[in-house]
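Only one structure is covered here, and it is reproduced in the block below.
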Amino acid sequence: MAGTTTPPAVGMEEYVEPTWGSKLAYVWRLLWRDKGGLLGMILFLLMVITAVFAPIIAPHDPLEQNLRDSKLPPAWYEGGNWDYPLGTDRLGKDIFSRIVYGTRVSLTVAVFGVLIAGGLGLLAGLVAGFMGGKVDGAIMAGVNLWLAIPYLVFVVVIASILGRSLFNVILIFGITDSPIFARVTRGEVLRIRQSGYVESAISVGASTSRIMFDHILPNLIGPLITLATFEMSAMIFYEAGLSSWAERAAHWCQLGQHGRSLPSILAKLPWMVIYPGLAIAIASLAMNLLGDWLRDVLDPRLRRSRA
Amino acid sequence: MSNEQPIVRVENLKKYFPISGGFLFNRHHGAVKAVDDVSFTINRGETLGLVGESGCGKSTTGRAVLQLHKPTAGHVYFKDIDLTTLNTAQLRELRPQVQMIFQDSVASLNPRHSVNKIIGEPLRINNAGSEREVHSRVIELMELVGLNPRWSKRFPHEFSGGQRQRINIARALALNPSFVVCDEPISALDVSIQAQVVNLLKELQEQLGLTYLFIAHDLSMVRHISHKVAVMYLGKVMELTDRTTLFERPLHPYSQSLISAVPLPNPKLERKRRRIILQGEVPSPLKAPSGCVFHTRCPLAYDRCRTEVPEYREVRPGQFVACHLADRDGSSIIPAQIA
Amino acid sequence: MTKILDVNGLVTRFYSVDGVVHALNEVQFDLEPGETLGVVGESGSGKSVTMMSLLGLIPKPPGRVEGGTAVFNDGSDTFDLLKLSEKELQEVRGGKVGFIFQDPISSLNPTMTIGKQIAESMMTHLQLGESEARKRTINLLQQVGIADAERRYDSYPHEFSGGMRQRVMIAIAVACEPAIVIADEPTTALDVTVQAQIIELTQRLQKQMGMAVVWITHDLGVVAGMADRVLVMYGGTVVESALVDDLYENPQHPYTIGLLGAIPKMEGEDERLVSIEGSPPDLLQPLTYCPFASRCPFVFQRCWKERPLLIPIGKNHDTACFYDVERGAPRDHV
């Protein structure tokens, strides 16, 4: 090619180390391309902001009762007012404020619950997948047994024994959810152990611990983060259906105690159920969308250099 | 160029994979004889090509030689050390001398590691100097295999297939091995890139005095790179001889048909050529035929082939064949029909 | 003779996260009735995308066929394939044009017996009754070399070996006696002895039915034995097209020359293989100059400034290159 004016050949260009700016720009492009992921991310960030700044955002104390303003409909209905944007319940508690604070509780439970579940599951899965044989058999038998127990029944029983504090709820969720993480971790460990690069590492004389920490663990991160997002979504759902938020915001569990059936509440004070329910559904949707997106993005094979 | 001194000796190598399963109790249902009584030697500085169709056990042979699969029986001598008797620690110590280039360059490179980390890993494992020394060796290796050293911080997915295979080669050569098993190193590559990699492998062999076990299914490439060639079928070596003899006077009916099935990039020759088209396909290794494993597809099979396993023997000097019909004077059954 | 297929200026692009992939850049070729056209190229050369574009098999999005014409003319019918609606295309696919894919396992329906899959195509395209379709299917299965066809009619794809599945694929492709059969790397996944069987089968069926065959492959050896004419593709364009003997004896495009030199010979002493240094072009760049320029040993200034178009340089021999390899100088009047 001597003596000609040659534009740089493909792939021969100087390697530019990606800066934080270019990485962020790339993530933004990936988000922009996957509108579902973008929506999930926006909703998730909104949730986080709501949770962190709950006292500023909420117009009322979520526990404050105001019997004069009880059973108010949302602001845009006749009889409603903007003091209580989404209306009030029978004791005059502001539904909007309760949703805002509920977000805080939900997120706390989901984040810490998943951290506990992930930690326990990762440990069990790693040991099972790596040791194999009898150890694997024993751990996986335990995990399967654990999974066979009806989840909600178990949670209700434990909660009634330990009491329903936030800490207990997190602990219970973490423990009951850990088998799923154990299973996925074990499956991934087995898959990665069979992979070409682990075989290649063995062929250059790599030790077991090197294979574990250099090859298996880093490649577990993607699938586990994705799983964690989905599990957080599930936890938000369960937690709402079962414990504190339900009690304080929507009375789902207490409906029976008050001698009222769900249909009658729905008929008379529909906003009490609809808006908290909507909030839960949106939160859950956001996490699912985010999880779908992360699954694609965290796969290094899908990443490109041209950021 | 060779001093006729075997550096690798494989004797009666067997690798059976047990088939077990069933509800609650693990029962043994027999075994897949992936490698069944394979013997060969490779001289220093030479290349032995190992060819055969999918499922013939050529890759398993390569892995069993390097003890990546523990052999069921047999011996593998590397410089007179029997690798099959070594324990894990002893093997790890020996690994630098015997290396492998893998077929699938996507799977065999950790997607989360940079090229520097990948090529340097064997050096770091074997404590070959400080980080600075390792890096300069990585740069040296990258230049050796024709990769731009400036790319050392990139990740595997940023490279093309041919470049990834170069990374693989650099990694395998990092510890100055004397014996390298190349497991279908070019099968996944485009034709023009195949030539690049094969040329590179040949240059490196001359430069560094490497000994190769070159596993492939592409006969023309094997012919090009090998000094000797072994033809495998269902776990057994059917024929082993130097490459000129194999391609000009193959004795085993399977070698003959295999060679005749290779399409030549020459329309005029192709039109004149008479092909031996084998019937059917390779039987499942789960149900390997009795007697000679090739008899179900062999155009010349007769009663004896169905019952008696043909002896793998030196029919002519340097030409080993496992066929009842390959007679001593070499006047083969079907005349060689390669153009 | 009227061309059964005449493709001009075919442009296909993929809109990916990394930018626009210029997969096809004004591809041009034609096909005569009953001939075998070999389409040779490496991955990314556009050989498969070309055929998929013609039959509306490009995934949309991200793909888009953005220009060109592809006139199909089998004597009774003339139309532009690129202007057909999805419904009309469905009629063409499996009817007038048959398709054989590389990977039969993913292109056969695993939950349907193979007999039904073939018969169904006959029933939709040829308006046959069920019993007639069954009869013809069994006959066809025998023709493609499936023993005990009557019984195998009711087998599922997973009950067949790789080679047998490819035979089933071929049966589906030719079920309605198409005018054109497009075979996309049909033997790449097969062993060499089975490849020989499949090639022989295709040639026999072609002789019987008189269809034109487009055989897409990366293997110059396969094409040498069976094609009448060969199209060499590179970087989403056709770089050379010639009759088979002419192409192998007298290749004109530097890429074709390099490709032929990269294959080891099966006789004589071995020489060093000619390797084409560098890697294939980055399709994210629009093709404003010769796609082979960065790897070409004969490259000169003009190659970087404009794109060479396909020009006739002999009888039935076209090439897209500014350089006359025979004379060792740039071409004058291009």
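Each chain of the structure tokens is named A, B, ... in the order shown, its residues numbered from 1; ligands are numbered from 1 in display order.
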Item to complete: Would you give me, as a PyMOL selection string, the residues of chain C that come within 7 Å of chain A, using only C-alpha atoms?
Response: chain C and resi 281-282+294+297+299-301
(Q) Give me, as a ChimeraX atom specification, the residues of chain B touching chain C, with the criterion being at most 9 Å (counting only C-alpha atoms). (A) /B:52-54,160,162-163,189-199,217-221,223-225,244,247-248,257-258,260-271,275-281,338-339
Contacts from chain B to chain A, 6 Å maximum, only C-alpha atoms: show me the residue list as a tab-separated table (two decimals) with all heavy atoms, in the first residue's frame.
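Saved file result00.tsv follows:
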```
chain	number	residue	atom	x	y	z
B	92	ARG	N	0.14	-29.62	36.80
B	92	ARG	CA	0.12	-28.17	36.71
B	92	ARG	C	1.53	-27.65	36.44
B	92	ARG	O	1.73	-26.68	35.73
B	92	ARG	CB	-0.44	-27.59	38.01
B	92	ARG	CG	-1.05	-26.22	37.82
B	92	ARG	CD	-1.66	-25.72	39.09
B	92	ARG	NE	-2.92	-26.38	39.40
B	92	ARG	CZ	-3.44	-26.43	40.62
B	92	ARG	NH1	-2.82	-25.87	41.63
B	92	ARG	NH2	-4.57	-27.05	40.84
B	95	ARG	N	2.24	-28.23	32.73
B	95	ARG	CA	1.35	-27.57	31.77
B	95	ARG	C	2.05	-26.58	30.83
B	95	ARG	O	1.72	-26.53	29.65
B	95	ARG	CB	0.22	-26.86	32.50
B	95	ARG	CG	-0.82	-27.79	33.07
B	95	ARG	CD	-2.06	-27.85	32.18
B	95	ARG	NE	-3.03	-28.79	32.73
B	95	ARG	CZ	-3.36	-29.93	32.12
B	95	ARG	NH1	-2.82	-30.26	30.97
B	95	ARG	NH2	-4.24	-30.73	32.67
B	107	ALA	N	-15.81	-18.87	22.81
B	107	ALA	CA	-16.05	-19.51	24.09
B	107	ALA	C	-14.77	-19.63	24.91
B	107	ALA	O	-14.83	-19.64	26.13
B	107	ALA	CB	-16.66	-20.90	23.87
B	108	SER	N	-13.63	-19.73	24.25
B	108	SER	CA	-12.44	-20.03	25.02
B	108	SER	C	-11.74	-18.78	25.56
B	108	SER	O	-10.72	-18.88	26.21
B	108	SER	CB	-11.47	-20.86	24.19
B	108	SER	OG	-11.12	-20.15	23.04
B	109	LEU	N	-12.29	-17.60	25.28
B	109	LEU	CA	-11.73	-16.38	25.86
B	109	LEU	C	-12.77	-15.80	26.82
B	109	LEU	O	-13.91	-15.58	26.45
B	109	LEU	CB	-11.42	-15.36	24.76
B	109	LEU	CG	-10.45	-15.83	23.67
B	109	LEU	CD1	-10.32	-14.78	22.58
B	109	LEU	CD2	-9.09	-16.14	24.25
B	110	ASN	N	-12.34	-15.57	28.04
B	110	ASN	CA	-13.25	-15.02	29.03
B	110	ASN	C	-13.73	-13.64	28.59
B	110	ASN	O	-12.92	-12.73	28.42
B	110	ASN	CB	-12.53	-14.93	30.38
B	110	ASN	CG	-13.48	-14.56	31.51
B	110	ASN	OD1	-14.50	-13.92	31.29
B	110	ASN	ND2	-13.14	-14.99	32.71
B	122	PRO	N	-1.43	-17.05	31.69
B	122	PRO	CA	-0.51	-18.17	31.92
B	122	PRO	C	0.79	-17.72	32.59
B	122	PRO	O	1.33	-18.44	33.43
B	122	PRO	CB	-0.21	-18.69	30.52
B	122	PRO	CG	-1.18	-18.06	29.62
B	122	PRO	CD	-1.80	-16.91	30.29
B	157	HIS	N	-14.70	-9.53	22.54
B	157	HIS	CA	-15.80	-9.31	21.60
B	157	HIS	C	-15.52	-8.17	20.64
B	157	HIS	O	-16.27	-7.95	19.70
B	157	HIS	CB	-17.11	-9.08	22.35
B	157	HIS	CG	-17.07	-7.88	23.24
B	157	HIS	ND1	-17.45	-6.64	22.81
B	157	HIS	CD2	-16.67	-7.72	24.52
B	157	HIS	CE1	-17.29	-5.77	23.80
B	157	HIS	NE2	-16.81	-6.42	24.85
```
Please return as a short mmCIF file (atom, residue, chain, number, x, y, z; two decimals) with all heavy atoms, in the first residue's frame: the residues of stretch 251-324 of chain C that backbone DSSP assigns to strand (DSSP E).
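Output file selection.cif is given in full below:
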```
data_model
loop_
_atom_site.label_atom_id
_atom_site.label_comp_id
_atom_site.auth_asym_id
_atom_site.auth_seq_id
_atom_site.Cartn_x
_atom_site.Cartn_y
_atom_site.Cartn_z
N ILE C 311 -18.26 -4.17 -14.27
CA ILE C 311 -18.18 -3.90 -15.70
C ILE C 311 -17.83 -5.18 -16.45
O ILE C 311 -17.10 -6.03 -15.93
CB ILE C 311 -17.12 -2.83 -16.03
CG1 ILE C 311 -15.82 -3.17 -15.24
CG2 ILE C 311 -17.59 -1.45 -15.75
CD1 ILE C 311 -14.60 -2.82 -15.99
N PRO C 312 -18.36 -5.35 -17.65
CA PRO C 312 -18.02 -6.54 -18.42
C PRO C 312 -16.59 -6.46 -18.92
O PRO C 312 -16.16 -5.42 -19.43
CB PRO C 312 -19.02 -6.51 -19.58
CG PRO C 312 -19.48 -5.10 -19.67
CD PRO C 312 -19.33 -4.49 -18.33
N ILE C 313 -15.84 -7.53 -18.76
CA ILE C 313 -14.46 -7.54 -19.27
C ILE C 313 -14.24 -8.71 -20.20
O ILE C 313 -13.16 -8.91 -20.72
CB ILE C 313 -13.44 -7.62 -18.11
CG1 ILE C 313 -13.81 -8.79 -17.18
CG2 ILE C 313 -13.35 -6.34 -17.35
CD1 ILE C 313 -12.66 -9.24 -16.35
N GLY C 314 -15.27 -9.49 -20.39
CA GLY C 314 -15.15 -10.61 -21.31
C GLY C 314 -16.54 -11.22 -21.45
O GLY C 314 -17.50 -10.71 -20.89
N HIS C 317 -18.25 -12.38 -18.30
CA HIS C 317 -17.30 -12.16 -17.22
C HIS C 317 -17.31 -10.69 -16.81
O HIS C 317 -16.95 -9.82 -17.58
CB HIS C 317 -15.90 -12.59 -17.67
CG HIS C 317 -14.95 -12.83 -16.52
ND1 HIS C 317 -13.92 -13.71 -16.60
CD2 HIS C 317 -14.91 -12.32 -15.28
CE1 HIS C 317 -13.26 -13.73 -15.44
NE2 HIS C 317 -13.85 -12.89 -14.62
N ASP C 318 -17.75 -10.44 -15.57
CA ASP C 318 -17.80 -9.06 -15.07
C ASP C 318 -16.91 -8.97 -13.84
O ASP C 318 -16.80 -9.91 -13.08
CB ASP C 318 -19.23 -8.69 -14.63
CG ASP C 318 -20.21 -8.76 -15.78
OD1 ASP C 318 -19.75 -8.80 -16.94
OD2 ASP C 318 -21.42 -8.80 -15.50
N THR C 319 -16.35 -7.78 -13.65
CA THR C 319 -15.62 -7.58 -12.40
C THR C 319 -15.75 -6.14 -11.97
O THR C 319 -15.98 -5.25 -12.80
CB THR C 319 -14.13 -7.98 -12.53
OG1 THR C 319 -13.50 -7.81 -11.26
CG2 THR C 319 -13.40 -7.10 -13.54
N TYR C 323 -8.39 -2.07 -11.58
CA TYR C 323 -7.05 -2.51 -11.94
C TYR C 323 -7.12 -3.71 -12.87
O TYR C 323 -7.87 -4.66 -12.63
CB TYR C 323 -6.30 -2.88 -10.66
CG TYR C 323 -4.81 -3.03 -10.85
CD1 TYR C 323 -3.97 -1.92 -10.82
CD2 TYR C 323 -4.23 -4.28 -11.04
CE1 TYR C 323 -2.60 -2.04 -10.97
CE2 TYR C 323 -2.87 -4.42 -11.20
CZ TYR C 323 -2.05 -3.29 -11.17
OH TYR C 323 -0.71 -3.42 -11.32
N ASP C 324 -6.36 -3.68 -13.93
CA ASP C 324 -6.31 -4.80 -14.85
C ASP C 324 -5.15 -5.70 -14.44
O ASP C 324 -3.98 -5.38 -14.67
CB ASP C 324 -6.11 -4.28 -16.29
CG ASP C 324 -6.24 -5.42 -17.29
OD1 ASP C 324 -6.03 -6.58 -16.88
OD2 ASP C 324 -6.55 -5.14 -18.46
#
```
*Using only C-alpha atoms, which residues sit within 9 Å of A:Thr108 once same-chain residues fewer than 5 positions away are excluded, as a list of chain:residue names?*
A:Ala51, A:Thr103, A:Gly113, A:Leu166, A:Ile170
Write out the residues from the selection above, keeping N, CA, C and O atoms, as a PDB file, in the first residue's frame.
```pdb
ATOM      1  N   ALA A  51     -38.834   7.762  47.551  1.00  0.00           N
ATOM      2  CA  ALA A  51     -38.514   7.117  48.817  1.00  0.00           C
ATOM      3  C   ALA A  51     -37.581   7.995  49.647  1.00  0.00           C
ATOM      4  O   ALA A  51     -37.784   8.174  50.851  1.00  0.00           O
ATOM      5  N   THR A 103     -43.798   3.682  49.376  1.00  0.00           N
ATOM      6  CA  THR A 103     -42.703   3.446  48.436  1.00  0.00           C
ATOM      7  C   THR A 103     -41.397   3.242  49.199  1.00  0.00           C
ATOM      8  O   THR A 103     -40.597   2.374  48.874  1.00  0.00           O
ATOM      9  N   GLY A 113     -34.024  -7.136  51.231  1.00  0.00           N
ATOM     10  CA  GLY A 113     -34.460  -8.526  51.080  1.00  0.00           C
ATOM     11  C   GLY A 113     -33.665  -9.234  49.993  1.00  0.00           C
ATOM     12  O   GLY A 113     -33.169 -10.344  50.175  1.00  0.00           O
ATOM     13  N   LEU A 166     -40.396  -4.243  60.379  1.00  0.00           N
ATOM     14  CA  LEU A 166     -39.775  -4.096  59.074  1.00  0.00           C
ATOM     15  C   LEU A 166     -38.572  -5.018  58.960  1.00  0.00           C
ATOM     16  O   LEU A 166     -38.375  -5.713  57.962  1.00  0.00           O
ATOM     17  N   ILE A 170     -37.981  -8.074  56.230  1.00  0.00           N
ATOM     18  CA  ILE A 170     -36.819  -8.161  55.337  1.00  0.00           C
ATOM     19  C   ILE A 170     -36.128  -9.504  55.503  1.00  0.00           C
ATOM     20  O   ILE A 170     -35.798 -10.196  54.530  1.00  0.00           O
TER      21      ILE A 170
END
```
Worksheet item: Please, which residues of stretch 36-223 of chain C, numbered as in this document, come out alpha helix (DSSP H) from DSSP, as an MDAnalysis selection string?
Response: chainID C and resid 47:54 86:92 104:107 114:126 130:143 149:152 162:174 192:209 220:223
If we count only C-alpha atoms, what is near B:Gly235 at a cut-off of 10 Å, once residues fewer than 5 positions away on the same chain are taken out, given as a count of residues only?
20
From atom CA of B:Pro96 to atom CA of B:Ala128 the spacing works out at 11.1 Å
I'd like the neighbourhood of B:Glu239 as JSON, numbers by chain, where a residue qualifies if any of its atoms comes within 12 Å (using only C-alpha atoms), though same-chain residues fewer than 6 positions away should be ignored. {"B": [38, 39, 40, 49, 50, 51, 52, 228, 229, 230, 231, 232, 233, 245, 246, 247, 249, 250, 251, 252, 253, 254, 255, 256, 258, 310, 311, 312, 313, 314, 315, 316, 318, 319, 320, 321, 322, 323, 326]}
**Message:** Residues near stretch 68-78 of chain B, anyone? I mean within 6 Å using only C-alpha atoms, not counting same-chain ones fewer than 3 positions away, as a PyMOL selection string.
**Reply:** chain B and resi 7-15+63-64+81-84
Exercise. B:Leu200: which residues within 9 Å, counting only C-alpha atoms, same-chain residues fewer than 5 positions away excluded, as a PyMOL selection string?
Worked result: chain B and resi 145-146+166+195+205
Just to be explicit: take each residue in the selection above, keep N, CA and C atoms, and write the result as an mmCIF file, in the first residue's frame.
```cif
data_model
loop_
_atom_site.group_PDB
_atom_site.id
_atom_site.type_symbol
_atom_site.label_atom_id
_atom_site.label_comp_id
_atom_site.auth_asym_id
_atom_site.auth_seq_id
_atom_site.Cartn_x
_atom_site.Cartn_y
_atom_site.Cartn_z
ATOM 1 N N VAL B 145 2.223 -12.804 16.968
ATOM 2 C CA VAL B 145 1.082 -13.395 16.265
ATOM 3 C C VAL B 145 0.386 -12.384 15.362
ATOM 4 N N GLY B 146 0.964 -11.207 15.224
ATOM 5 C CA GLY B 146 0.415 -10.239 14.283
ATOM 6 C C GLY B 146 -0.778 -9.469 14.801
ATOM 7 N N ARG B 166 -5.883 -15.473 16.963
ATOM 8 C CA ARG B 166 -4.500 -15.043 17.222
ATOM 9 C C ARG B 166 -4.274 -14.831 18.715
ATOM 10 N N ALA B 195 -6.216 -19.034 5.956
ATOM 11 C CA ALA B 195 -4.877 -19.045 5.393
ATOM 12 C C ALA B 195 -3.930 -18.236 6.273
ATOM 13 N N GLN B 205 5.946 -22.613 13.989
ATOM 14 C CA GLN B 205 6.562 -23.933 14.150
ATOM 15 C C GLN B 205 8.034 -23.893 13.751
#
```
